[in-house]
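Below you'll find the structure, written out as structure tokens, and then a few comments.
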Protein chains: 2
Amino acid sequence: MTRGRVTSFDVAKEAGVSQSAVSRAFNSGTSISEKTRLRVEAAAEKLGYRPNAMARTLISRRSNMIGLVMADIVNPFYPAVLDTFMRSFQQLGHRVMLFMVARDQQVSDVLPQLLEYQVDGVVITSATLSPEMVEHCQRLQTPVTLFNRYVEGIQADSICCDNIGASRAIADLLLDAGHRQLAFIAGVRNTSTSQDREQGFFSRIHERRATAPLKAEGHYQYQGGYEAALALFAGETKPDAIFCANDLMALGAIDAIRNQLKLNIPEQVSVIGFDDIKEASWKNYQLTTYRPRVEKMVNTAVENMLERISNPERPALQLIEAGEIVIRQTARLPETIYQPIVDER
Amino acid sequence: MTRGRVTSFDVAKEAGVSQSAVSRAFNSGTSISEKTRLRVEAAAEKLGYRPNAMARTLISRRSNMIGLVMADIVNPFYPAVLDTFMRSFQQLGHRVMLFMVARDQQVSDVLPQLLEYQVDGVVITSATLSPEMVEHCQRLQTPVTLFNRYVEGIQADSICCDNIGASRAIADLLLDAGHRQLAFIAGVRNTSTSQDREQGFFSRIHERRATAPLKAEGHYQYQGGYEAALALFAGETKPDAIFCANDLMALGAIDAIRNQLKLNIPEQVSVIGFDDIKEASWKNYQLTTYRPRVEKMVNTAVENMLERISNPERPALQLIEAGEIVIRQTARLPETIYQPIVDER
DNA sequence: TGAGGTGCTGCATACGTATTCACTTTATAT
DNA sequence: ATATAAAGTGAATACGTATGCAGCACCTCA
């Protein structure tokens, strides 16, 4: 009805009460009579009043905003993660300030910007954070959560899927099925996810005294997986099973193997991925892969974050959440009936 | 170095100047000597000072935050859009407050929340906005931009890809190639994008006096496209070309046609999509499709938004940005050498 | 009847910054 | 050298809300 910004004073005048009353009417757990609350609400409605979150934040020292930093949105795994985070935070009454960091960008570049906006907490997905930055956050009492990444000995919550356990289980599955020459297609070299998946896979193979696996690099991209597969088969010794550090590369590898190398999957080559993105279940691929419990991981991350906001003394938690292998059509299985594996290490 | 929040007063004391000086040191275009600026910066650095964006917003009435509302993130087209928006806004020094609205949710539910946070502008992708809401924003001097959606006669910028022109061009392409019985797989029924693509396609076919096209509905999803394709071929008259309202459905349709119906593409059936998502270029699909100029659309949207923030009087702009048909392998082409089409209507 | 609660209310203040205004210092021109 | 403009500075205030405090009305219990 009115023009321009309408403040709590305007509403107060309209309702014939004090500004304090207006404030109390809009905050639960305050002392106000039902009668005045209704009058205030009517006046607010009439004037189109909405409280100014900036002013509220300034005085209450709580913005109800979470800073969310995402790296690497090109991997179709992360839109799903983002979506889940958004729903979870929105549902619990928190807004999200989003930042994307490019591959060549540091999280430390954007973190100060986030903190200027008085976010109540920071969630960082698939990117690491320098210990100094964490310390800085800690001084500001701003909790930090790392998603799918961990750093030893810092004061930050972290929740990861069980990269090592999963990769070991996949090695077991492939060896049990009688494959002789395994191969690994790595993601981006300097990421902990790719390193952990590689380490789990290699160590288990080594433990079982099987032939050392081949290795190629696919940068977590479809095209990279495609080319990595070709590279693997261009060598002297050819693999009969490939484990890819993510699904996207696995799908690239499959297309290379089928369409270009004209080999049959899984008869001649088995392929296993990681993430269980939507595309993995497409009829044309039916990819056998590892599915992290994204929903559960996100929800724990969110709960822990909010818990830690209201109780800053709580020490940081480092969690690993096991997922499961999803058996589809791209990998030969052991003779014995094989159950989907949940390795809890 | 210190603990807790450090304010401009702390920095002022440390540097031996007034709080005003500190403020000026952090804002360009203010009157301050180089000497004191350096002293302030040193003190700020020493104390780890960062200005409080909430306080700044409160007084300057500018938050440097943009509200971004996204619907329907499941379509792989939109992560790319989001990514482009984020880069563009970040680059120009703006933060983004993100909201996701589920299919059953109204934008009008989240808009008030956005406005509470004093965002300088609101961008809404693939969702409409009631005229009342637009009016509300206008009262608050908050510019609104619709991305890939438009509403007649409201005071909001909008930028769309050329749905109608594109669909007409696709109809032409398919008819010119000699197809006789076209079909259309629609997206979500009540979206303007799906409706416009249908209308353009149908109207052009009608104009050319060709056989009326078949139609099925795929809800913009892979599985929906898969099933829609099966439904189309289950009928009495079978299509020899299918235009899908987005790529995701087209890929589903391809898998259904090849893997289940055992038909050859494009020899027996042509398939054309819309969006040019990453997956469309995968070796296994090589989908012929329409590519909107996402980068350009986003950049124009962002520029217009910022322009409109600094000059609220500027009238709203409604733009249509033409894209191009990307010729790949899933559609038969006319005999004459066919150029990628840019229809500017 | 009065003492002590209880439930509401308004006043006044604080949050941390930007900005106006008046003032002082410095630079420039005559 | 002085007059005058320009540049720099600090004090004070405003932004819009939450909240401690004191006051007030009303009620309860003896």
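Note on naming: chains are A, B, ... as they come in the structure tokens, residues start from 1 per chain, ligands start from 1 in the order shown.
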
Using only C-alpha atoms (C1' of nucleotides) and a cut-off of 9 Å, which residues of chain C sit close to chain B? Please list them as a PDB file with all heavy atoms, in the first residue's frame.
```pdb
ATOM      1  P    DC C  15      27.551  -2.335  21.268  1.00  0.00           P
ATOM      2  OP1  DC C  15      28.429  -3.092  22.154  1.00  0.00           O
ATOM      3  OP2  DC C  15      27.880  -0.953  20.863  1.00  0.00           O
ATOM      4  O5'  DC C  15      27.370  -3.154  19.921  1.00  0.00           O
ATOM      5  C5'  DC C  15      26.576  -4.313  19.821  1.00  0.00           C
ATOM      6  C4'  DC C  15      26.107  -4.472  18.409  1.00  0.00           C
ATOM      7  O4'  DC C  15      24.938  -3.658  18.222  1.00  0.00           O
ATOM      8  C3'  DC C  15      27.097  -3.961  17.363  1.00  0.00           C
ATOM      9  O3'  DC C  15      27.897  -5.046  16.923  1.00  0.00           O
ATOM     10  C2'  DC C  15      26.210  -3.420  16.241  1.00  0.00           C
ATOM     11  C1'  DC C  15      24.808  -3.366  16.849  1.00  0.00           C
ATOM     12  N1   DC C  15      24.118  -2.053  16.746  1.00  0.00           N
ATOM     13  C2   DC C  15      22.833  -1.990  16.228  1.00  0.00           C
ATOM     14  O2   DC C  15      22.295  -3.044  15.848  1.00  0.00           O
ATOM     15  N3   DC C  15      22.194  -0.795  16.145  1.00  0.00           N
ATOM     16  C4   DC C  15      22.809   0.313  16.568  1.00  0.00           C
ATOM     17  N4   DC C  15      22.137   1.460  16.474  1.00  0.00           N
ATOM     18  C5   DC C  15      24.129   0.269  17.105  1.00  0.00           C
ATOM     19  C6   DC C  15      24.733  -0.913  17.171  1.00  0.00           C
ATOM     20  P    DG C  16      29.496  -4.870  16.897  1.00  0.00           P
ATOM     21  OP1  DG C  16      30.089  -6.207  16.772  1.00  0.00           O
ATOM     22  OP2  DG C  16      29.889  -3.981  18.003  1.00  0.00           O
ATOM     23  O5'  DG C  16      29.727  -4.087  15.527  1.00  0.00           O
ATOM     24  C5'  DG C  16      29.448  -4.754  14.311  1.00  0.00           C
ATOM     25  C4'  DG C  16      29.486  -3.768  13.173  1.00  0.00           C
ATOM     26  O4'  DG C  16      28.447  -2.791  13.360  1.00  0.00           O
ATOM     27  C3'  DG C  16      30.790  -2.978  13.044  1.00  0.00           C
ATOM     28  O3'  DG C  16      31.177  -2.957  11.691  1.00  0.00           O
ATOM     29  C2'  DG C  16      30.420  -1.593  13.544  1.00  0.00           C
ATOM     30  C1'  DG C  16      28.972  -1.511  13.083  1.00  0.00           C
ATOM     31  N9   DG C  16      28.163  -0.556  13.807  1.00  0.00           N
ATOM     32  C8   DG C  16      28.279  -0.175  15.121  1.00  0.00           C
ATOM     33  N7   DG C  16      27.384   0.704  15.488  1.00  0.00           N
ATOM     34  C5   DG C  16      26.624   0.917  14.334  1.00  0.00           C
ATOM     35  C6   DG C  16      25.514   1.766  14.117  1.00  0.00           C
ATOM     36  O6   DG C  16      24.959   2.521  14.912  1.00  0.00           O
ATOM     37  N1   DG C  16      25.038   1.670  12.809  1.00  0.00           N
ATOM     38  C2   DG C  16      25.592   0.853  11.834  1.00  0.00           C
ATOM     39  N2   DG C  16      25.006   0.895  10.649  1.00  0.00           N
ATOM     40  N3   DG C  16      26.629   0.060  12.030  1.00  0.00           N
ATOM     41  C4   DG C  16      27.092   0.146  13.293  1.00  0.00           C
ATOM     42  P    DT C  17      32.561  -2.395  11.186  1.00  0.00           P
ATOM     43  OP1  DT C  17      33.251  -3.457  10.478  1.00  0.00           O
ATOM     44  OP2  DT C  17      33.218  -1.699  12.315  1.00  0.00           O
ATOM     45  O5'  DT C  17      32.107  -1.282  10.143  1.00  0.00           O
ATOM     46  C5'  DT C  17      31.451  -1.659   8.958  1.00  0.00           C
ATOM     47  C4'  DT C  17      30.424  -0.628   8.585  1.00  0.00           C
ATOM     48  O4'  DT C  17      29.817  -0.100   9.775  1.00  0.00           O
ATOM     49  C3'  DT C  17      30.950   0.588   7.861  1.00  0.00           C
ATOM     50  O3'  DT C  17      30.882   0.356   6.472  1.00  0.00           O
ATOM     51  C2'  DT C  17      29.998   1.703   8.284  1.00  0.00           C
ATOM     52  C1'  DT C  17      29.168   1.087   9.408  1.00  0.00           C
ATOM     53  N1   DT C  17      29.021   1.926  10.602  1.00  0.00           N
ATOM     54  C2   DT C  17      28.010   2.832  10.637  1.00  0.00           C
ATOM     55  O2   DT C  17      27.222   2.997   9.721  1.00  0.00           O
ATOM     56  N3   DT C  17      27.939   3.562  11.797  1.00  0.00           N
ATOM     57  C4   DT C  17      28.762   3.456  12.891  1.00  0.00           C
ATOM     58  O4   DT C  17      28.602   4.171  13.889  1.00  0.00           O
ATOM     59  C5   DT C  17      29.805   2.487  12.783  1.00  0.00           C
ATOM     60  C7   DT C  17      30.760   2.280  13.931  1.00  0.00           C
ATOM     61  C6   DT C  17      29.887   1.766  11.658  1.00  0.00           C
ATOM     62  P    DA C  18      31.540   1.322   5.425  1.00  0.00           P
ATOM     63  OP1  DA C  18      31.625   0.608   4.142  1.00  0.00           O
ATOM     64  OP2  DA C  18      32.738   1.902   6.037  1.00  0.00           O
ATOM     65  O5'  DA C  18      30.439   2.469   5.288  1.00  0.00           O
ATOM     66  C5'  DA C  18      29.256   2.195   4.569  1.00  0.00           C
ATOM     67  C4'  DA C  18      28.396   3.438   4.487  1.00  0.00           C
ATOM     68  O4'  DA C  18      28.170   3.986   5.805  1.00  0.00           O
ATOM     69  C3'  DA C  18      28.972   4.577   3.666  1.00  0.00           C
ATOM     70  O3'  DA C  18      27.877   5.190   2.992  1.00  0.00           O
ATOM     71  C2'  DA C  18      29.569   5.503   4.720  1.00  0.00           C
ATOM     72  C1'  DA C  18      28.616   5.326   5.883  1.00  0.00           C
ATOM     73  N9   DA C  18      29.196   5.476   7.220  1.00  0.00           N
ATOM     74  C8   DA C  18      30.343   4.926   7.708  1.00  0.00           C
ATOM     75  N7   DA C  18      30.581   5.224   8.969  1.00  0.00           N
ATOM     76  C5   DA C  18      29.517   6.024   9.324  1.00  0.00           C
ATOM     77  C6   DA C  18      29.186   6.668  10.537  1.00  0.00           C
ATOM     78  N6   DA C  18      29.915   6.592  11.655  1.00  0.00           N
ATOM     79  N1   DA C  18      28.047   7.406  10.559  1.00  0.00           N
ATOM     80  C2   DA C  18      27.302   7.468   9.448  1.00  0.00           C
ATOM     81  N3   DA C  18      27.517   6.912   8.259  1.00  0.00           N
ATOM     82  C4   DA C  18      28.649   6.197   8.265  1.00  0.00           C
ATOM     83  P    DT C  19      28.100   6.205   1.796  1.00  0.00           P
ATOM     84  OP1  DT C  19      27.055   5.938   0.795  1.00  0.00           O
ATOM     85  OP2  DT C  19      29.517   6.179   1.429  1.00  0.00           O
ATOM     86  O5'  DT C  19      27.770   7.608   2.466  1.00  0.00           O
ATOM     87  C5'  DT C  19      26.581   7.723   3.227  1.00  0.00           C
ATOM     88  C4'  DT C  19      26.570   9.045   3.946  1.00  0.00           C
ATOM     89  O4'  DT C  19      27.216   8.911   5.229  1.00  0.00           O
ATOM     90  C3'  DT C  19      27.319  10.175   3.227  1.00  0.00           C
ATOM     91  O3'  DT C  19      26.534  11.341   3.333  1.00  0.00           O
ATOM     92  C2'  DT C  19      28.599  10.294   4.014  1.00  0.00           C
ATOM     93  C1'  DT C  19      28.062  10.020   5.412  1.00  0.00           C
ATOM     94  N1   DT C  19      29.075   9.657   6.430  1.00  0.00           N
ATOM     95  C2   DT C  19      28.873  10.073   7.715  1.00  0.00           C
ATOM     96  O2   DT C  19      27.906  10.722   8.056  1.00  0.00           O
ATOM     97  N3   DT C  19      29.850   9.696   8.609  1.00  0.00           N
ATOM     98  C4   DT C  19      30.989   8.959   8.320  1.00  0.00           C
ATOM     99  O4   DT C  19      31.801   8.677   9.200  1.00  0.00           O
ATOM    100  C5   DT C  19      31.134   8.557   6.944  1.00  0.00           C
ATOM    101  C7   DT C  19      32.325   7.760   6.527  1.00  0.00           C
ATOM    102  C6   DT C  19      30.183   8.919   6.074  1.00  0.00           C
TER     103       DT C  19
END
```

Original post:
Counting only C-alpha atoms (C1' of nucleotides), what is within 12 Å of DG5 (chain C), bar same-chain residues fewer than 6 positions away, as a PyMOL selection string?
Top reply: chain D and resi 26-29

Subject >> Computed interatomic separation between CA of Pro239 (chain A) and CA of Leu261 (chain A) (Å) >> reply: 12.9 Å

Original post:
Which residues come within 8 Å of region 5-9 of chain D, counting only C-alpha atoms (C1' of nucleotides), excluding same-chain residues fewer than 6 positions away, as a PyMOL selection string?
Top reply: (chain B and resi 21+31-33) or (chain C and resi 24-28)

Subject >> Selection: 12 Å around Leu230 (chain A), only C-alpha atoms (C1' of nucleotides), excl. self and same-chain fewer than 5 positions, as a ChimeraX atom specification >> reply: /A:185,215-218,223-225,235,238-239,242,252-263

So that I can see what lies close to region 144-157 of chain B, please list as a PDB file with N, CA, C and O atoms, in the first residue's frame the residues with an atom at most 9 Å from it, counting only C-alpha atoms (C1' of nucleotides) and leaving out residues fewer than 4 positions away in the same chain.
```
ATOM      1  N   GLY B 121      18.756  -7.204  -6.314  1.00  0.00           N
ATOM      2  CA  GLY B 121      17.987  -7.615  -7.471  1.00  0.00           C
ATOM      3  C   GLY B 121      17.655  -9.092  -7.382  1.00  0.00           C
ATOM      4  O   GLY B 121      18.267  -9.823  -6.603  1.00  0.00           O
ATOM      5  N   VAL B 122      16.699  -9.519  -8.180  1.00  0.00           N
ATOM      6  CA  VAL B 122      16.268 -10.911  -8.151  1.00  0.00           C
ATOM      7  C   VAL B 122      16.273 -11.489  -9.556  1.00  0.00           C
ATOM      8  O   VAL B 122      15.721 -10.881 -10.472  1.00  0.00           O
ATOM      9  N   VAL B 123      16.908 -12.623  -9.710  1.00  0.00           N
ATOM     10  CA  VAL B 123      16.868 -13.325 -10.988  1.00  0.00           C
ATOM     11  C   VAL B 123      16.109 -14.629 -10.800  1.00  0.00           C
ATOM     12  O   VAL B 123      16.386 -15.382  -9.871  1.00  0.00           O
ATOM     13  N   ILE B 124      15.166 -14.860 -11.666  1.00  0.00           N
ATOM     14  CA  ILE B 124      14.347 -16.058 -11.551  1.00  0.00           C
ATOM     15  C   ILE B 124      14.488 -16.883 -12.817  1.00  0.00           C
ATOM     16  O   ILE B 124      14.208 -16.387 -13.911  1.00  0.00           O
ATOM     17  N   THR B 125      14.952 -18.108 -12.672  1.00  0.00           N
ATOM     18  CA  THR B 125      15.130 -18.927 -13.863  1.00  0.00           C
ATOM     19  C   THR B 125      14.036 -19.965 -13.945  1.00  0.00           C
ATOM     20  O   THR B 125      13.683 -20.596 -12.956  1.00  0.00           O
ATOM     21  N   SER B 126      13.520 -20.119 -15.129  1.00  0.00           N
ATOM     22  CA  SER B 126      12.539 -21.148 -15.442  1.00  0.00           C
ATOM     23  C   SER B 126      11.442 -21.262 -14.412  1.00  0.00           C
ATOM     24  O   SER B 126      11.149 -22.322 -13.898  1.00  0.00           O
ATOM     25  N   ALA B 127      10.859 -20.139 -14.095  1.00  0.00           N
ATOM     26  CA  ALA B 127       9.685 -20.141 -13.235  1.00  0.00           C
ATOM     27  C   ALA B 127       9.039 -18.784 -13.427  1.00  0.00           C
ATOM     28  O   ALA B 127       9.705 -17.806 -13.747  1.00  0.00           O
ATOM     29  N   THR B 128       7.753 -18.734 -13.241  1.00  0.00           N
ATOM     30  CA  THR B 128       7.076 -17.459 -13.438  1.00  0.00           C
ATOM     31  C   THR B 128       6.815 -16.797 -12.111  1.00  0.00           C
ATOM     32  O   THR B 128       7.045 -17.352 -11.045  1.00  0.00           O
ATOM     33  N   LEU B 129       6.318 -15.592 -12.218  1.00  0.00           N
ATOM     34  CA  LEU B 129       6.123 -14.789 -11.033  1.00  0.00           C
ATOM     35  C   LEU B 129       4.785 -14.090 -11.205  1.00  0.00           C
ATOM     36  O   LEU B 129       4.480 -13.569 -12.253  1.00  0.00           O
ATOM     37  N   SER B 130       4.010 -14.093 -10.146  1.00  0.00           N
ATOM     38  CA  SER B 130       2.716 -13.442 -10.238  1.00  0.00           C
ATOM     39  C   SER B 130       2.915 -11.935 -10.332  1.00  0.00           C
ATOM     40  O   SER B 130       3.855 -11.384  -9.768  1.00  0.00           O
ATOM     41  N   PRO B 131       2.029 -11.272 -11.049  1.00  0.00           N
ATOM     42  CA  PRO B 131       2.117  -9.814 -11.192  1.00  0.00           C
ATOM     43  C   PRO B 131       2.126  -9.084  -9.858  1.00  0.00           C
ATOM     44  O   PRO B 131       2.802  -8.075  -9.721  1.00  0.00           O
ATOM     45  N   VAL B 134       5.623  -9.050  -8.580  1.00  0.00           N
ATOM     46  CA  VAL B 134       6.452  -8.113  -9.334  1.00  0.00           C
ATOM     47  C   VAL B 134       6.196  -6.693  -8.845  1.00  0.00           C
ATOM     48  O   VAL B 134       7.120  -5.903  -8.645  1.00  0.00           O
ATOM     49  N   GLU B 135       4.938  -6.414  -8.607  1.00  0.00           N
ATOM     50  CA  GLU B 135       4.572  -5.081  -8.139  1.00  0.00           C
ATOM     51  C   GLU B 135       5.213  -4.815  -6.781  1.00  0.00           C
ATOM     52  O   GLU B 135       5.714  -3.728  -6.498  1.00  0.00           O
ATOM     53  N   CYS B 137       7.978  -6.097  -5.637  1.00  0.00           N
ATOM     54  CA  CYS B 137       9.396  -5.821  -5.861  1.00  0.00           C
ATOM     55  C   CYS B 137       9.600  -4.404  -6.361  1.00  0.00           C
ATOM     56  O   CYS B 137      10.518  -3.704  -5.951  1.00  0.00           O
ATOM     57  N   GLN B 138       8.706  -4.004  -7.230  1.00  0.00           N
ATOM     58  CA  GLN B 138       8.833  -2.679  -7.808  1.00  0.00           C
ATOM     59  C   GLN B 138       8.706  -1.615  -6.735  1.00  0.00           C
ATOM     60  O   GLN B 138       9.415  -0.610  -6.753  1.00  0.00           O
ATOM     61  N   CYS B 161      15.535 -17.799 -24.681  1.00  0.00           N
ATOM     62  CA  CYS B 161      16.019 -18.261 -25.962  1.00  0.00           C
ATOM     63  C   CYS B 161      14.831 -18.339 -26.906  1.00  0.00           C
ATOM     64  O   CYS B 161      13.682 -18.329 -26.485  1.00  0.00           O
ATOM     65  N   THR B 191       4.582 -25.531 -18.532  1.00  0.00           N
ATOM     66  CA  THR B 191       5.682 -24.577 -18.632  1.00  0.00           C
ATOM     67  C   THR B 191       5.639 -23.877 -19.974  1.00  0.00           C
ATOM     68  O   THR B 191       5.301 -24.483 -20.992  1.00  0.00           O
ATOM     69  N   SER B 192       6.008 -22.626 -19.962  1.00  0.00           N
ATOM     70  CA  SER B 192       5.950 -21.864 -21.205  1.00  0.00           C
ATOM     71  C   SER B 192       6.988 -22.380 -22.197  1.00  0.00           C
ATOM     72  O   SER B 192       6.760 -22.345 -23.404  1.00  0.00           O
ATOM     73  N   THR B 193       8.123 -22.859 -21.708  1.00  0.00           N
ATOM     74  CA  THR B 193       9.126 -23.374 -22.631  1.00  0.00           C
ATOM     75  C   THR B 193       8.572 -24.532 -23.446  1.00  0.00           C
ATOM     76  O   THR B 193       8.698 -24.557 -24.663  1.00  0.00           O
ATOM     77  N   MET B 297      23.208 -15.119 -23.067  1.00  0.00           N
ATOM     78  CA  MET B 297      21.956 -14.826 -22.375  1.00  0.00           C
ATOM     79  C   MET B 297      22.226 -14.433 -20.927  1.00  0.00           C
ATOM     80  O   MET B 297      21.686 -13.451 -20.419  1.00  0.00           O
ATOM     81  N   VAL B 298      23.059 -15.218 -20.276  1.00  0.00           N
ATOM     82  CA  VAL B 298      23.354 -14.939 -18.869  1.00  0.00           C
ATOM     83  C   VAL B 298      24.049 -13.588 -18.723  1.00  0.00           C
ATOM     84  O   VAL B 298      23.684 -12.773 -17.873  1.00  0.00           O
ATOM     85  N   ALA B 301      21.667 -10.841 -19.146  1.00  0.00           N
ATOM     86  CA  ALA B 301      20.797 -10.778 -17.968  1.00  0.00           C
ATOM     87  C   ALA B 301      21.509 -10.074 -16.825  1.00  0.00           C
ATOM     88  O   ALA B 301      20.952  -9.184 -16.176  1.00  0.00           O
ATOM     89  N   VAL B 302      22.748 -10.446 -16.605  1.00  0.00           N
ATOM     90  CA  VAL B 302      23.508  -9.867 -15.501  1.00  0.00           C
ATOM     91  C   VAL B 302      23.766  -8.382 -15.744  1.00  0.00           C
ATOM     92  O   VAL B 302      23.547  -7.541 -14.871  1.00  0.00           O
ATOM     93  N   ASN B 304      22.141  -6.283 -17.629  1.00  0.00           N
ATOM     94  CA  ASN B 304      20.902  -5.532 -17.517  1.00  0.00           C
ATOM     95  C   ASN B 304      20.493  -5.351 -16.063  1.00  0.00           C
ATOM     96  O   ASN B 304      20.023  -4.291 -15.656  1.00  0.00           O
ATOM     97  N   MET B 305      20.687  -6.407 -15.290  1.00  0.00           N
ATOM     98  CA  MET B 305      20.328  -6.337 -13.882  1.00  0.00           C
ATOM     99  C   MET B 305      21.144  -5.256 -13.175  1.00  0.00           C
ATOM    100  O   MET B 305      20.579  -4.377 -12.525  1.00  0.00           O
ATOM    101  N   PRO B 315      13.322   1.461 -18.056  1.00  0.00           N
ATOM    102  CA  PRO B 315      12.195   0.551 -18.260  1.00  0.00           C
ATOM    103  C   PRO B 315      12.664  -0.885 -18.488  1.00  0.00           C
ATOM    104  O   PRO B 315      13.806  -1.127 -18.860  1.00  0.00           O
ATOM    105  N   ALA B 316      11.763  -1.822 -18.239  1.00  0.00           N
ATOM    106  CA  ALA B 316      12.120  -3.237 -18.354  1.00  0.00           C
ATOM    107  C   ALA B 316      12.287  -3.651 -19.810  1.00  0.00           C
ATOM    108  O   ALA B 316      11.599  -3.154 -20.695  1.00  0.00           O
ATOM    109  N   LEU B 317      13.208  -4.557 -20.013  1.00  0.00           N
ATOM    110  CA  LEU B 317      13.520  -5.031 -21.353  1.00  0.00           C
ATOM    111  C   LEU B 317      13.073  -6.479 -21.512  1.00  0.00           C
ATOM    112  O   LEU B 317      13.291  -7.290 -20.628  1.00  0.00           O
ATOM    113  N   GLN B 318      12.493  -6.785 -22.676  1.00  0.00           N
ATOM    114  CA  GLN B 318      12.155  -8.183 -22.927  1.00  0.00           C
ATOM    115  C   GLN B 318      12.934  -8.634 -24.150  1.00  0.00           C
ATOM    116  O   GLN B 318      12.672  -8.176 -25.244  1.00  0.00           O
ATOM    117  N   LEU B 319      13.868  -9.520 -23.932  1.00  0.00           N
ATOM    118  CA  LEU B 319      14.755  -9.913 -25.011  1.00  0.00           C
ATOM    119  C   LEU B 319      14.579 -11.376 -25.406  1.00  0.00           C
ATOM    120  O   LEU B 319      14.257 -12.223 -24.582  1.00  0.00           O
TER     121      LEU B 319
END
```

Original post:
Do you know which residues are at most 6 Å from Arg168 (chain B) counting only C-alpha atoms (C1' of nucleotides), after dropping those on the same chain fewer than 3 positions away, and could you put them as an NGL selection string?
Top reply: :B and (165 or 171 or 200-201 or 204)

Can you list every residue of chain D that has an atom at most 7 Å from chain A, with its nearest atom pair and the distance in Å to one decimal, using only C-alpha atoms (C1' of nucleotides), ordered by chain then number, as CSV?
```
residue,atom,partner,partner_atom,distance
D:DG16,C1',A:Ala55,CA,5.3
D:DT17,C1',A:Ala55,CA,5.0
D:DA18,C1',A:Ile59,CA,6.2
```

Original post:
So how far away is CA of Phe99 (chain B) from CA of Gly67 (chain B), in Å?
Top reply: 7.5 Å

Original post:
Of the candidates B:Leu174, B:Leu182, B:Ile164, B:Ile66, which one gets nearest to chain A if we count only C-alpha atoms?
Top reply: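 Once distances to chain A are computed over only C-alpha atoms, the minimum belongs to B:Ile66.
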
Original post:
Taking the backbone alone, and naming residues the way the document does, which bits of region 174-249 of chain B are strand (DSSP E) by DSSP, as number ranges by chain?
Top reply: B: 182-186, 214-217, 241-244

**OP:** Choose the residue, out of B:Ala229, B:Ala25, B:Val96, B:Ile325, that has the smallest atom-to-atom separation from Ala186 (chain B); count only C-alpha atoms.
**Re:**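 For Ala186 (chain B), the nearest of the candidates is B:Ala229.
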
Subject >> For CA of Cys244 (chain A) and CA of Phe184 (chain A), the interatomic separation in Å (one decimal) >> reply: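 Straight-line distance from CA of Cys244 (chain A) to CA of Phe184 (chain A) works out to 5.8 Å.
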
Original post:
From the list A:Gly29, A:Gly273, A:Gly178, A:Pro79, which residue is nearest chain B when using only C-alpha atoms?
Top reply: A:Pro79
